[in-house]
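One structure below.
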Amino acid sequence: MAYASHIINHSKKLRNVPNFLRHEHSILVRWFSNGTQPSIGKRDDIRKIHRRHCNVPSERETVTRSATNGTMSKFGVQKRNPIAGLAFNQGLSSSQVYMRRGFSSNSGLPPHQEIGMPSLSPTMTEGNIARWLKKEGDKVAPGEVLCEVETDKATVEMESMEDGYLAKIIHGDGSKEIKVGEVIAVTVEEEGDIAKFKDYKPSASDADTASGSSAPATPKKEVVEEPVSSPEPKTSKPTVATPAEDRVFSSPLARKLAEEQKVPLSSIKGTGPNGTIVKADIEEYLASRGKEVSAAAPSAKAGTPAALDYTDIPHSQIRKITASRLLFSKQTIPHYYLTVDTCVDKLMDLRSQLNSLQEASGGKRISVNDLVIKAAALALRKVPQCNSSWTDDYIRQYRNININVAVQTDNGLFVPVIKDTDKKGLSRIGEEVKQLAQKAKENSLKPEDYEGGTFTVSNLGGPFGIKQFCAIINPPQAGILAVGSAEKRVVPGSGPEQFEFASFMSVTLSCDHRVIDGAIGAEWLKAFKGYIENPESMLL
């Protein structure tokens with residue numbers, strides 16, 4: 001079988017494990033050592049025993065839980081979960097949980113399981129512990145929430161999937177910047193084993209192994225034997241006699257005063273016999289220097305800037321992630337910008353009619369931003385090249401049109417996603433935008449609420465009155481639409497010397513030039529403008 005050699009070669013690693021595992025392993029070795037093909041019945045037994053040997057002492061495993069089929073993968077091989085693990089909100093599409101099961105060993109520690117900081121989003125490299133809902137010594141059961149983990153986008157509940165006891169909390173409430181895979185807690189199966197983990201500390205190498213990183217091997221330095229060179233003979237340099245003209249003559253009292261005041265005698269001209277420096281010369285020098293210092297002091301004080309009063313605000317997790325992603329976008333994505341003015345008079349009239357119907361039926365009002373989101377989705381359907389992303393090997397063009405909507409909160413910038421926007425009605429889009437915006441302000445977004453977007457809309461016009469701006473692309477997307485405010489302008493009328501008033505809204509499309517050529521971006525803006533200026537076409 002495929003893992004026969006693995007079983008035989010693995011026999012040397014079975015130390016400090018339960019006797020039943022050692023016995024079963026010896027059975028596997030005996031079956032495979034003679035090279036014979038086991039029968040079908042024995043093959044089933046082998047598979048059962050081999051599953052129990054998947055967790056070898058000191059071996060770290062990364063488990064990817066899929067919410068759709070309830071399976072777990074170990075080192076990329078899909079299989080039913082043979083061991084207990086952890087689950088995070090059942091709505092998650094995919095998350096990585098880092099665990100390490102330890103067997104009883106000579107160190108006196110009973111069987112236990114280390115729980116690592118999970119990876120709950122593609123961009124997450126570290127997380128924070130918001131709070132623990134269980135304390136040390138508490139019994140945990142499947143489905144019970146252990147703690148709340150603050151990710152780069154939201155706060156997510158971490159649940160237990162097995163019975164046991166929380167023996168040790170490594171990182172308590174409010175712990176910051178915990179690397180993905182770093183051990184945060186330890187659970188045991190028996191209540192009597194809790195006390196044995198009172199002073200437990202995970203080794204530093206465990207966190208590195210969990211996160212998939214290993215320290216690079218230190219290269220051996222080649223020792224090169226250099227020939228020993230004979231020391232150069234020391235030669236005494238002749239001492240140059242100081243001329244008499246360079247000597248400074250001073251009286252004993254003047255020298256003493258100069259030493260006390262740290263005055264260099266070479267900078268003073270003596271007035272005594274034969275140019276000898278006397279006490280009066282030192283005093284005169286000190287007096288003149290004091291006047292220079294007192295005259296320079298006011299000017300220096302006047303030129304000194306006043307001390308600044310400030311407050312240092314610590315970075316939040318969302319702020320750090322947003323900063324790193326935006327910096328990455330501007331440094332690696334070749335942005336270019338296309339701006340167009342759209343007349344929104346017909347759009348405003350249609351919105352008034354729809355809101356009258358909504359109020360009559362008890363529905364919620366439709367905003368201009370809801371209409372903009374719908375128009376952007378339909379334009380992406382018409383120009384699918386803009387609904388794409390760049391990779392090193394190909395351009396990926398998405399069949400789903402999922403629009404991210406930028407939402408500013410006190411905690412930072414969030415971009416929740418409206419899935420299949422082109423297939424939803426205006427009232428449905430408006431309801432989802434309001435619900436997701438409220439969840440963003442409450443910091444309760446789940447990963448499925450902001451992952452999977454293919455295009456982004458950012459509106460600073462309606463809420464803030466910004467006329468026009470250029471937005472930064474949200475990677476790995478290839479475009480983002482910046483929406484400005486609407487303003488009335490004077491436009492030529494139908495007859496000579498006739499003028500009319502019309503409302504225009506400026507929009508700017510930021511494009512990734514690797515994916516969207518200038519003509520393609522212009523074609524998308526033309527389609528978008530068509531839907532805005534003829535909004536009835538969005539209802540067809």
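Simple scheme: letters A, B, ... for chains in structure tokens order, numbers from 1 for residues in each chain, numbers from 1 for ligands in the order shown.
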Item to check | All residues 7 Å or closer to region 130-134 of chain A, only C-alpha atoms, same chain fewer than 5 positions away omitted, as a list of chain:residue names | outcome: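 Here the qualifying residues turn out to be A:Val145, A:Leu146, A:Cys147, A:Glu148, A:Val149, A:Glu150, A:Asp173, A:Gly174.
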What parts of region 303-398 of chain A does DSSP call alpha helix (DSSP H)? I'd like the answer as a short mmCIF file (atom, residue, chain, number, x, y, z; two decimals) with N, CA and C atoms, in the first residue's frame.
data_model
loop_
_atom_site.label_atom_id
_atom_site.label_comp_id
_atom_site.auth_asym_id
_atom_site.auth_seq_id
_atom_site.Cartn_x
_atom_site.Cartn_y
_atom_site.Cartn_z
N GLY A 303 14.29 81.40 18.95
CA GLY A 303 14.26 80.51 17.80
C GLY A 303 13.81 79.10 18.12
N GLN A 317 -6.49 46.71 15.26
CA GLN A 317 -6.17 45.63 14.31
C GLN A 317 -6.67 45.98 12.91
N ILE A 318 -7.88 46.53 12.81
CA ILE A 318 -8.42 46.87 11.49
C ILE A 318 -7.63 48.00 10.87
N ARG A 319 -7.14 48.95 11.69
CA ARG A 319 -6.36 50.06 11.16
C ARG A 319 -5.05 49.58 10.57
N LYS A 320 -4.38 48.65 11.26
CA LYS A 320 -3.10 48.13 10.76
C LYS A 320 -3.28 47.34 9.46
N ILE A 321 -4.33 46.52 9.40
CA ILE A 321 -4.55 45.73 8.20
C ILE A 321 -4.93 46.62 7.03
N THR A 322 -5.79 47.62 7.30
CA THR A 322 -6.18 48.55 6.23
C THR A 322 -4.96 49.29 5.69
N ALA A 323 -4.10 49.74 6.61
CA ALA A 323 -2.90 50.48 6.18
C ALA A 323 -1.99 49.61 5.33
N SER A 324 -1.77 48.37 5.74
CA SER A 324 -0.86 47.50 4.99
C SER A 324 -1.44 47.15 3.62
N ARG A 325 -2.76 46.92 3.53
CA ARG A 325 -3.37 46.55 2.25
C ARG A 325 -3.39 47.72 1.28
N LEU A 326 -3.69 48.91 1.80
CA LEU A 326 -3.70 50.08 0.92
C LEU A 326 -2.29 50.43 0.44
N LEU A 327 -1.31 50.28 1.33
CA LEU A 327 0.06 50.52 0.91
C LEU A 327 0.49 49.51 -0.15
N PHE A 328 0.12 48.25 0.06
CA PHE A 328 0.42 47.20 -0.93
C PHE A 328 -0.23 47.52 -2.27
N SER A 329 -1.48 48.01 -2.23
CA SER A 329 -2.20 48.32 -3.46
C SER A 329 -1.51 49.44 -4.23
N LYS A 330 -1.15 50.52 -3.57
CA LYS A 330 -0.54 51.66 -4.26
C LYS A 330 0.86 51.34 -4.76
N GLN A 331 1.56 50.44 -4.08
CA GLN A 331 2.93 50.11 -4.48
C GLN A 331 3.00 49.06 -5.58
N THR A 332 1.99 48.21 -5.70
CA THR A 332 2.08 47.08 -6.63
C THR A 332 1.08 47.15 -7.77
N ASP A 345 -31.00 63.74 -13.04
CA ASP A 345 -32.38 64.24 -12.90
C ASP A 345 -33.39 63.11 -13.01
N LYS A 346 -33.26 62.28 -14.05
CA LYS A 346 -34.19 61.15 -14.21
C LYS A 346 -34.05 60.15 -13.07
N LEU A 347 -32.82 59.97 -12.60
CA LEU A 347 -32.58 59.05 -11.49
C LEU A 347 -33.31 59.53 -10.24
N MET A 348 -33.26 60.83 -9.96
CA MET A 348 -33.92 61.37 -8.77
C MET A 348 -35.44 61.26 -8.90
N ASP A 349 -35.97 61.47 -10.11
CA ASP A 349 -37.41 61.32 -10.32
C ASP A 349 -37.85 59.89 -10.10
N LEU A 350 -37.09 58.92 -10.64
CA LEU A 350 -37.44 57.50 -10.44
C LEU A 350 -37.35 57.13 -8.97
N ARG A 351 -36.35 57.65 -8.27
CA ARG A 351 -36.22 57.36 -6.84
C ARG A 351 -37.43 57.87 -6.05
N SER A 352 -37.91 59.06 -6.40
CA SER A 352 -39.09 59.61 -5.71
C SER A 352 -40.31 58.72 -5.94
N GLN A 353 -40.49 58.25 -7.18
CA GLN A 353 -41.64 57.39 -7.47
C GLN A 353 -41.54 56.06 -6.71
N LEU A 354 -40.34 55.47 -6.70
CA LEU A 354 -40.15 54.19 -6.01
C LEU A 354 -40.34 54.34 -4.50
N ASN A 355 -39.87 55.45 -3.93
CA ASN A 355 -40.02 55.64 -2.49
C ASN A 355 -41.48 55.87 -2.11
N SER A 356 -42.26 56.47 -3.00
CA SER A 356 -43.69 56.61 -2.73
C SER A 356 -44.35 55.24 -2.64
N LEU A 357 -43.97 54.35 -3.56
CA LEU A 357 -44.50 52.98 -3.51
C LEU A 357 -44.02 52.24 -2.27
N GLN A 358 -42.74 52.45 -1.90
CA GLN A 358 -42.20 51.79 -0.72
C GLN A 358 -42.91 52.24 0.55
N GLU A 359 -43.15 53.53 0.67
CA GLU A 359 -43.84 54.03 1.86
C GLU A 359 -45.27 53.53 1.93
N ALA A 360 -45.90 53.42 0.78
CA ALA A 360 -47.28 52.92 0.77
C ALA A 360 -47.36 51.46 1.20
N SER A 361 -46.33 50.69 0.85
CA SER A 361 -46.32 49.26 1.20
C SER A 361 -45.60 48.98 2.51
N VAL A 368 -29.91 56.95 -3.19
CA VAL A 368 -29.19 57.12 -4.45
C VAL A 368 -28.06 56.10 -4.55
N ASN A 369 -27.42 55.81 -3.41
CA ASN A 369 -26.32 54.84 -3.42
C ASN A 369 -26.81 53.45 -3.82
N ASP A 370 -28.03 53.07 -3.45
CA ASP A 370 -28.57 51.77 -3.87
C ASP A 370 -28.69 51.70 -5.39
N LEU A 371 -29.14 52.81 -5.99
CA LEU A 371 -29.25 52.85 -7.45
C LEU A 371 -27.87 52.81 -8.11
N VAL A 372 -26.89 53.48 -7.49
CA VAL A 372 -25.52 53.47 -8.03
C VAL A 372 -24.95 52.05 -7.99
N ILE A 373 -25.17 51.34 -6.89
CA ILE A 373 -24.67 49.97 -6.75
C ILE A 373 -25.29 49.06 -7.81
N LYS A 374 -26.60 49.22 -8.01
CA LYS A 374 -27.28 48.40 -9.02
C LYS A 374 -26.75 48.71 -10.42
N ALA A 375 -26.55 50.00 -10.73
CA ALA A 375 -26.03 50.37 -12.04
C ALA A 375 -24.62 49.83 -12.25
N ALA A 376 -23.78 49.86 -11.20
CA ALA A 376 -22.42 49.33 -11.31
C ALA A 376 -22.44 47.83 -11.59
N ALA A 377 -23.36 47.11 -10.93
CA ALA A 377 -23.44 45.66 -11.14
C ALA A 377 -23.87 45.33 -12.56
N LEU A 378 -24.86 46.07 -13.07
CA LEU A 378 -25.33 45.81 -14.44
C LEU A 378 -24.26 46.19 -15.47
N ALA A 379 -23.49 47.25 -15.19
CA ALA A 379 -22.40 47.61 -16.10
C ALA A 379 -21.33 46.54 -16.12
N LEU A 380 -21.07 45.90 -14.97
CA LEU A 380 -20.11 44.79 -14.92
C LEU A 380 -20.61 43.60 -15.71
N ARG A 381 -21.93 43.39 -15.71
CA ARG A 381 -22.48 42.30 -16.52
C ARG A 381 -22.28 42.59 -18.01
N LYS A 382 -22.41 43.87 -18.38
CA LYS A 382 -22.27 44.24 -19.78
C LYS A 382 -20.79 44.27 -20.20
#
Checklist entry - Quick one, how far is CA of Pro463 (chain A) from CA of Ala486 (chain A)? => result 11.4 Å
Next on the checklist: Please report the interatomic distance between CA of Ser251 (chain A) and CA of Ala287 (chain A) in Å with one decimal.
Outcome noted: 19.2 Å
Checklist entry - Do you know which residues are at most 7 Å from Cys343 (chain A) counting only C-alpha atoms, after dropping those on the same chain fewer than 5 positions away, and could you put them as an NGL selection string? => result :A and (502-505 or 533)
Next on the checklist: I'd like the interatomic distance between CA of Gln468 (chain A) and CA of Glu431 (chain A), to a tenth of an Å.
Outcome noted: 26.6 Å
Item to check | Long-range neighbours of Leu166 (chain A) as a ChimeraX atom specification, 7 Å cut-off, only C-alpha atoms, 6 positions minimum in chain | outcome: /A:136-140,186-188
Item to check | Who sits within 6 Å of Glu500 (chain A), only C-alpha atoms, same chain under 4 positions skipped, as a PyMOL selection string | outcome: chain A and resi 490-491+493
Neighbour list for Asp392 (chain A) as a JSON list (two decimals) with C-alpha atoms, in the first residue's frame, cut-off 12 Å, only C-alpha atoms, skip fewer than 4 positions in-chain:
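Printed below is around07.json as written:
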[["chain", "number", "residue", "atom", "x", "y", "z"],
["A", 396, "ARG", "CA", -9.31, 35.56, -13.50],
["A", 476, "PRO", "CA", -7.19, 41.55, -5.54],
["A", 514, "ARG", "CA", -2.67, 45.17, -15.90],
["A", 515, "VAL", "CA", -6.28, 43.96, -16.21]]
